[in-house]
file protein28.pdb (PDB, C-alpha atoms)
ATOM      1  CA  MET A 288     -16.295  18.306   0.856
ATOM      2  CA  LYS A 289     -14.866  15.446  -1.181
ATOM      3  CA  PHE A 290     -14.845  11.963   0.326
ATOM      4  CA  LEU A 291     -12.734   9.270  -1.276
ATOM      5  CA  VAL A 292     -12.943   5.764   0.145
ATOM      6  CA  LEU A 293     -10.168   3.322  -0.751
ATOM      7  CA  THR A 294     -11.483  -0.231  -0.421
ATOM      8  CA  ILE A 295     -11.401  -3.691  -1.955
ATOM      9  CA  PHE A 296     -15.220  -3.712  -1.814
ATOM     10  CA  PRO A 297     -16.389  -0.506  -3.536
ATOM     11  CA  GLU A 298     -19.757  -2.059  -4.355
ATOM     12  CA  MET A 299     -20.690  -1.826  -0.653
ATOM     13  CA  PHE A 300     -20.953   1.957  -1.019
ATOM     14  CA  ALA A 301     -23.490   2.322  -3.851
ATOM     15  CA  PRO A 302     -26.493   1.813  -1.537
ATOM     16  CA  PHE A 303     -24.944   4.112   1.061
ATOM     17  CA  TRP A 304     -24.389   6.952  -1.418
ATOM     18  CA  ASN A 305     -27.952   6.569  -2.735
ATOM     19  CA  HIS A 306     -29.998   6.995   0.446
ATOM     20  CA  SER A 307     -30.992   9.450   3.121
ATOM     21  CA  ILE A 308     -28.874  12.448   4.133
ATOM     22  CA  ILE A 309     -25.887  11.313   2.052
ATOM     23  CA  ARG A 310     -27.941  11.197  -1.155
ATOM     24  CA  LYS A 311     -29.435  14.612  -0.409
ATOM     25  CA  ALA A 312     -25.982  16.092   0.298
ATOM     26  CA  ILE A 313     -24.715  14.691  -3.010
ATOM     27  CA  GLU A 314     -27.738  16.084  -4.860
ATOM     28  CA  LYS A 315     -27.248  19.523  -3.234
ATOM     29  CA  GLU A 316     -23.562  19.290  -4.183
ATOM     30  CA  LYS A 317     -22.519  19.659  -0.550
ATOM     31  CA  ILE A 318     -20.378  16.541  -0.899
ATOM     32  CA  VAL A 319     -18.740  14.486  -3.607
ATOM     33  CA  ALA A 320     -18.459  10.857  -2.600
ATOM     34  CA  SER A 321     -16.525   8.188  -4.454
ATOM     35  CA  THR A 322     -14.660   4.942  -4.019
ATOM     36  CA  LEU A 323     -11.410   3.671  -5.416
ATOM     37  CA  ASN A 324     -10.895  -0.071  -5.744
ATOM     38  CA  ILE A 325      -7.517  -0.943  -4.216
ATOM     39  CA  ARG A 326      -7.448  -4.152  -6.285
ATOM     40  CA  ASP A 327      -7.121  -2.024  -9.432
ATOM     41  CA  PHE A 328      -3.616  -1.167  -8.210
ATOM     42  CA  ALA A 329      -2.562  -4.720  -7.330
ATOM     43  CA  GLU A 330      -0.277  -6.656  -9.625
ATOM     44  CA  GLY A 331      -0.893 -10.018 -11.209
ATOM     45  CA  LYS A 332      -3.766 -11.818 -12.818
ATOM     46  CA  HIS A 333      -5.710 -12.156  -9.560
ATOM     47  CA  GLN A 334      -4.953  -8.653  -8.210
ATOM     48  CA  VAL A 335      -4.038 -10.012  -4.770
ATOM     49  CA  THR A 336      -4.032  -7.393  -2.014
ATOM     50  CA  ASP A 337      -3.044  -9.572   0.949
ATOM     51  CA  ASP A 338       0.160 -11.249   2.093
ATOM     52  CA  ARG A 339       1.581 -12.963   5.149
ATOM     53  CA  PRO A 340       2.879 -10.540   7.765
ATOM     54  CA  TYR A 341       6.603  -9.893   7.549
ATOM     55  CA  GLY A 342       8.211 -11.558  10.548
ATOM     56  CA  GLY A 343       5.401 -14.075  10.977
ATOM     57  CA  GLY A 344       2.156 -14.082  12.851
ATOM     58  CA  SER A 345      -1.311 -15.351  12.176
ATOM     59  CA  GLY A 346      -3.591 -14.204   9.400
ATOM     60  CA  MET A 347      -2.862 -11.958   6.477
ATOM     61  CA  VAL A 348      -2.253  -8.218   6.115
ATOM     62  CA  MET A 349      -2.921  -5.832   3.262
ATOM     63  CA  LYS A 350       0.074  -5.407   0.988
ATOM     64  CA  PRO A 351       1.559  -1.914   1.005
ATOM     65  CA  GLU A 352       2.154  -1.570  -2.757
ATOM     66  CA  PRO A 353      -1.496  -1.419  -3.923
ATOM     67  CA  LEU A 354      -2.306   1.115  -1.201
ATOM     68  CA  PHE A 355       0.676   3.322  -2.043
ATOM     69  CA  PHE A 356      -0.111   3.131  -5.777
ATOM     70  CA  ALA A 357      -3.799   3.939  -5.187
ATOM     71  CA  VAL A 358      -3.054   6.974  -3.026
ATOM     72  CA  GLU A 359      -0.390   8.175  -5.462
ATOM     73  CA  ALA A 360      -2.882   7.898  -8.322
ATOM     74  CA  VAL A 361      -5.475   9.915  -6.414
ATOM     75  CA  LEU A 362      -3.080  12.617  -5.336
ATOM     76  CA  GLY A 363      -1.723  12.721  -8.879
ATOM     77  CA  MET A 364      -5.231  13.216 -10.300
ATOM     78  CA  GLU A 365      -5.768  16.101  -7.932
ATOM     79  CA  ALA A 366      -2.323  17.650  -8.318
ATOM     80  CA  GLY A 367      -2.392  21.374  -7.831
ATOM     81  CA  ASP A 368      -5.031  21.296  -5.114
ATOM     82  CA  ALA A 369      -3.757  23.531  -2.343
ATOM     83  CA  ALA A 370      -5.727  21.900   0.461
ATOM     84  CA  PRO A 371      -4.011  19.050   2.248
ATOM     85  CA  CYS A 372      -5.866  15.764   2.164
ATOM     86  CA  PRO A 373      -5.813  13.719   5.351
ATOM     87  CA  ILE A 374      -5.293  10.032   4.571
ATOM     88  CA  ILE A 375      -7.092   8.198   7.345
ATOM     89  CA  LEU A 376      -6.651   4.498   8.074
ATOM     90  CA  LEU A 377      -9.721   2.976   9.700
ATOM     91  CA  THR A 378      -8.379   0.561  12.291
ATOM     92  CA  PRO A 379      -9.147  -0.664  15.828
ATOM     93  CA  GLN A 380      -5.764   0.751  16.938
ATOM     94  CA  GLY A 381      -6.663   4.307  15.901
ATOM     95  CA  ARG A 382      -7.730   7.238  18.047
ATOM     96  CA  PRO A 383     -11.407   7.103  19.028
ATOM     97  CA  PHE A 384     -13.891   8.730  16.680
ATOM     98  CA  THR A 385     -15.903  11.337  18.563
ATOM     99  CA  GLN A 386     -18.194  14.215  17.684
ATOM    100  CA  GLN A 387     -15.222  16.565  18.121
ATOM    101  CA  VAL A 388     -13.156  14.506  15.670
ATOM    102  CA  ALA A 389     -16.089  14.679  13.220
ATOM    103  CA  ARG A 390     -16.151  18.480  13.633
ATOM    104  CA  ASP A 391     -12.399  18.680  13.040
ATOM    105  CA  LEU A 392     -12.645  16.518   9.908
ATOM    106  CA  SER A 393     -15.540  18.604   8.574
ATOM    107  CA  ARG A 394     -13.161  21.560   8.268
ATOM    108  CA  HIS A 395     -11.156  19.847   5.501
ATOM    109  CA  GLU A 396     -11.985  20.185   1.820
ATOM    110  CA  ARG A 397     -11.408  16.469   1.229
ATOM    111  CA  LEU A 398     -10.774  13.241   3.113
ATOM    112  CA  ALA A 399      -9.302   9.941   1.954
ATOM    113  CA  LEU A 400     -10.510   6.985   4.043
ATOM    114  CA  VAL A 401      -8.490   3.764   3.778
ATOM    115  CA  CYS A 402     -10.493   0.658   4.637
ATOM    116  CA  GLY A 403      -8.273  -1.953   6.223
ATOM    117  CA  ARG A 404      -9.023  -5.649   5.824
ATOM    118  CA  TYR A 405      -7.695  -8.995   7.013
ATOM    119  CA  GLU A 406      -5.591  -8.675  10.184
ATOM    120  CA  GLY A 407      -4.659  -5.100   9.286
ATOM    121  CA  VAL A 408      -2.210  -3.402   6.963
ATOM    122  CA  ASP A 409       1.502  -3.704   6.429
ATOM    123  CA  GLU A 410       3.311  -1.495   8.952
ATOM    124  CA  ARG A 411       4.868   0.572   6.141
ATOM    125  CA  VAL A 412       1.388   1.921   5.378
ATOM    126  CA  ARG A 413       1.082   3.200   8.952
ATOM    127  CA  ARG A 414       4.550   4.698   9.015
ATOM    128  CA  HIS A 415       4.810   6.249   5.558
ATOM    129  CA  LEU A 416       1.382   6.720   3.987
ATOM    130  CA  VAL A 417      -1.467   7.530   6.341
ATOM    131  CA  THR A 418      -1.670  10.795   8.242
ATOM    132  CA  ASP A 419      -4.158   9.592  10.857
ATOM    133  CA  GLU A 420      -5.684   6.419  12.256
ATOM    134  CA  ILE A 421      -9.255   6.348  13.549
ATOM    135  CA  SER A 422     -11.284   3.688  15.359
ATOM    136  CA  ILE A 423     -15.067   3.844  15.662
ATOM    137  CA  GLY A 424     -15.088   1.679  18.787
ATOM    138  CA  ASP A 425     -13.565  -1.020  20.916
ATOM    139  CA  TYR A 426     -14.578  -3.986  18.806
ATOM    140  CA  VAL A 427     -13.351  -5.681  15.645
ATOM    141  CA  LEU A 428     -15.091  -5.472  12.277
ATOM    142  CA  SER A 429     -14.269  -7.467   9.146
ATOM    143  CA  GLY A 430     -13.006  -4.315   7.465
ATOM    144  CA  GLY A 431     -13.045  -0.551   7.480
ATOM    145  CA  GLU A 432     -16.007  -0.080   5.144
ATOM    146  CA  LEU A 433     -18.634   0.285   7.866
ATOM    147  CA  ALA A 434     -16.326   2.622   9.776
ATOM    148  CA  ALA A 435     -15.915   4.745   6.635
ATOM    149  CA  MET A 436     -19.683   4.995   6.308
ATOM    150  CA  VAL A 437     -19.988   6.096   9.935
ATOM    151  CA  ILE A 438     -17.390   8.819   9.445
ATOM    152  CA  VAL A 439     -18.889  10.045   6.156
ATOM    153  CA  ASP A 440     -22.344  10.223   7.748
ATOM    154  CA  ALA A 441     -21.202  12.021  10.917
ATOM    155  CA  VAL A 442     -19.027  14.513   9.021
ATOM    156  CA  THR A 443     -21.658  15.195   6.343
ATOM    157  CA  ARG A 444     -24.249  16.121   8.979
ATOM    158  CA  LEU A 445     -21.915  18.866  10.183
ATOM    159  CA  LEU A 446     -21.430  20.529   6.797
ATOM    160  CA  PRO A 447     -23.246  23.826   6.249
ATOM    161  CA  ASN A 448     -26.701  23.294   4.696
ATOM    162  CA  ALA A 449     -26.295  19.519   4.382
ATOM    163  CA  LEU A 450     -29.364  18.992   6.582
ATOM    164  CA  GLY A 451     -32.772  20.508   5.908
ATOM    165  CA  ASP A 452     -32.644  22.653   9.068
ATOM    166  CA  PRO A 453     -29.409  24.702   9.257
ATOM    167  CA  GLY A 454     -29.513  24.631  13.066
ATOM    168  CA  ALA A 455     -30.302  20.926  13.427
ATOM    169  CA  THR A 456     -26.801  19.878  14.467
ATOM    170  CA  LEU A 457     -26.818  22.440  17.289
ATOM    171  CA  HIS A 458     -29.448  20.316  19.050
ATOM    172  CA  ASP A 459     -27.908  16.877  18.451
ATOM    173  CA  SER A 460     -27.239  14.842  21.582
ATOM    174  CA  HIS A 461     -23.470  15.247  21.279
ATOM    175  CA  ALA A 462     -23.480  18.885  20.212
ATOM    176  CA  GLY A 463     -22.833  19.856  23.850
ATOM    177  CA  ASN A 464     -20.058  17.275  24.358
ATOM    178  CA  LEU A 465     -22.197  14.796  26.301
TER     179      LEU A 465
END
call {"tool": "encode", "arguments": {"input": "protein28.pdb", "output": "structure tokens"}}
result
Amino acid sequence: MKFLVLTIFPEMFAPFWNHSIIRKAIEKEKIVASTLNIRDFAEGKHQVTDDRPYGGGSGMVMKPEPLFFAVEAVLGMEAGDAAPCPIILLTPQGRPFTQQVARDLSRHERLALVCGRYEGVDERVRRHLVTDEISIGDYVLSGGELAAMVIVDAVTRLLPNALGDPGATLHDSHAGNL
């Protein structure tokens, strides 16, 4: 399984990749985990990724261009891969993340997780770029980075031989759809 997290704060993930089950899964080559800095695809000296929402409203939203360019660059680097790559926006408006959703996601060869920031993303990202939207709960976070970590952790646990005991996930509290 390949996880790619698109974020404006990639440095948040170094400690996450380097500890516990995630580190062990990386060492066993059960997962490949990486980040892509969305700012690297923003134009201008300051690599600005936010803008006022079109049509007004409070706060700022993530510009669509850096996100489209980042995803295009990733898909271009992996051209020829036959497996589809879900592009998941982490947002409070998304479908709820459950153990069943984690199981479904664990069946993919790769996942791209887009970490929203500010008041959200430009609507064009929702309509034309992402293939799914997921929420980890009915509350608001500052961004999608913590949600991405939750999803990576939950999905990794379900991968064959990612845990020390191959049958461990069969006894997890939500294994029986509690």
call {"tool": "closest_residue", "arguments": {"input": "protein28.pdb", "among": "A:Thr385, A:Asp440, A:Gly403, A:Glu359", "to": "His306 (chain A)", "atoms": "all atoms listed in the file"}}
result
A:Asp440
call {"tool": "resolve_selection", "arguments": {"input": "protein28.pdb", "expression": "the PyMOL selection byres ((chain A and resi 407) around 9)", "output": "count of residues only"}}
result
12
call {"tool": "resolve_selection", "arguments": {"input": "protein28.pdb", "expression": "the PyMOL selection byres ((chain A and resi 394-400) around 7)", "output": "list in words"}}
result
Met288, Lys289, Phe290, Leu291, Val292, Leu293, Ala370, Cys372, Pro373, Ile374, Ile375, Leu376, Leu377, Arg390, Asp391, Leu392, Ser393, Val401, Cys402 and Ala435 of chain A
call {"tool": "write_last_selection", "arguments": {"input": "protein28.pdb", "atoms": "C-alpha atoms", "output": "PDB file, keeping the file's coordinate frame"}}
result
ATOM      1  CA  MET A 288     -16.295  18.306   0.856  1.00  0.00           C
ATOM      2  CA  LYS A 289     -14.866  15.446  -1.181  1.00  0.00           C
ATOM      3  CA  PHE A 290     -14.845  11.963   0.326  1.00  0.00           C
ATOM      4  CA  LEU A 291     -12.734   9.270  -1.276  1.00  0.00           C
ATOM      5  CA  VAL A 292     -12.943   5.764   0.145  1.00  0.00           C
ATOM      6  CA  LEU A 293     -10.168   3.322  -0.751  1.00  0.00           C
ATOM      7  CA  ALA A 370      -5.727  21.900   0.461  1.00  0.00           C
ATOM      8  CA  CYS A 372      -5.866  15.764   2.164  1.00  0.00           C
ATOM      9  CA  PRO A 373      -5.813  13.719   5.351  1.00  0.00           C
ATOM     10  CA  ILE A 374      -5.293  10.032   4.571  1.00  0.00           C
ATOM     11  CA  ILE A 375      -7.092   8.198   7.345  1.00  0.00           C
ATOM     12  CA  LEU A 376      -6.651   4.498   8.074  1.00  0.00           C
ATOM     13  CA  LEU A 377      -9.721   2.976   9.700  1.00  0.00           C
ATOM     14  CA  ARG A 390     -16.151  18.480  13.633  1.00  0.00           C
ATOM     15  CA  ASP A 391     -12.399  18.680  13.040  1.00  0.00           C
ATOM     16  CA  LEU A 392     -12.645  16.518   9.908  1.00  0.00           C
ATOM     17  CA  SER A 393     -15.540  18.604   8.574  1.00  0.00           C
ATOM     18  CA  VAL A 401      -8.490   3.764   3.778  1.00  0.00           C
ATOM     19  CA  CYS A 402     -10.493   0.658   4.637  1.00  0.00           C
ATOM     20  CA  ALA A 435     -15.915   4.745   6.635  1.00  0.00           C
TER      21      ALA A 435
END
call {"tool": "axis_aligned_box", "arguments": {"input": "protein28.pdb", "around": "region 309-314 of chain A", "padding_each_side": "5 Å", "output": "lines of an AutoDock Vina configuration file"}}
result
center_x = -27.1
center_y = 13.6
center_z = -1.4
size_x = 14.7
size_y = 14.9
size_z = 16.9
call {"tool": "closest_residue", "arguments": {"input": "protein28.pdb", "among": "A:Lys332, A:Arg413, A:Arg326, A:Arg339", "to": "Pro353 (chain A)", "atoms": "all atoms listed in the file"}}
result
A:Arg326
call {"tool": "resolve_selection", "arguments": {"input": "protein28.pdb", "expression": "the PyMOL selection byres ((chain A and resi 425) around 7)", "output": "list in words"}}
result
Pro379, Gly424 and Tyr426 of chain A
call {"tool": "residues_around", "arguments": {"input": "protein28.pdb", "residues": "Glu352 (chain A)", "least_positions_apart": "5", "cutoff": "12 Å", "atoms": "all atoms listed in the file", "output": "list in words"}}
result
Ile325, Arg326, Asp327, Phe328, Ala329, Glu330, Gln334, Val335, Thr336, Asp337, Asp338, Ala357, Val358, Glu359, Val408, Asp409, Glu410, Arg411, Val412, His415 and Leu416 of chain A
call {"tool": "atom_distance", "arguments": {"input": "protein28.pdb", "atom1": "CA of Arg310 (chain A)", "atom2": "CA of Thr443 (chain A)"}}
result
10.6 Å
call {"tool": "atom_distance", "arguments": {"input": "protein28.pdb", "atom1": "CA of Gly381 (chain A)", "atom2": "CA of Thr322 (chain A)"}}
result
21.5 Å
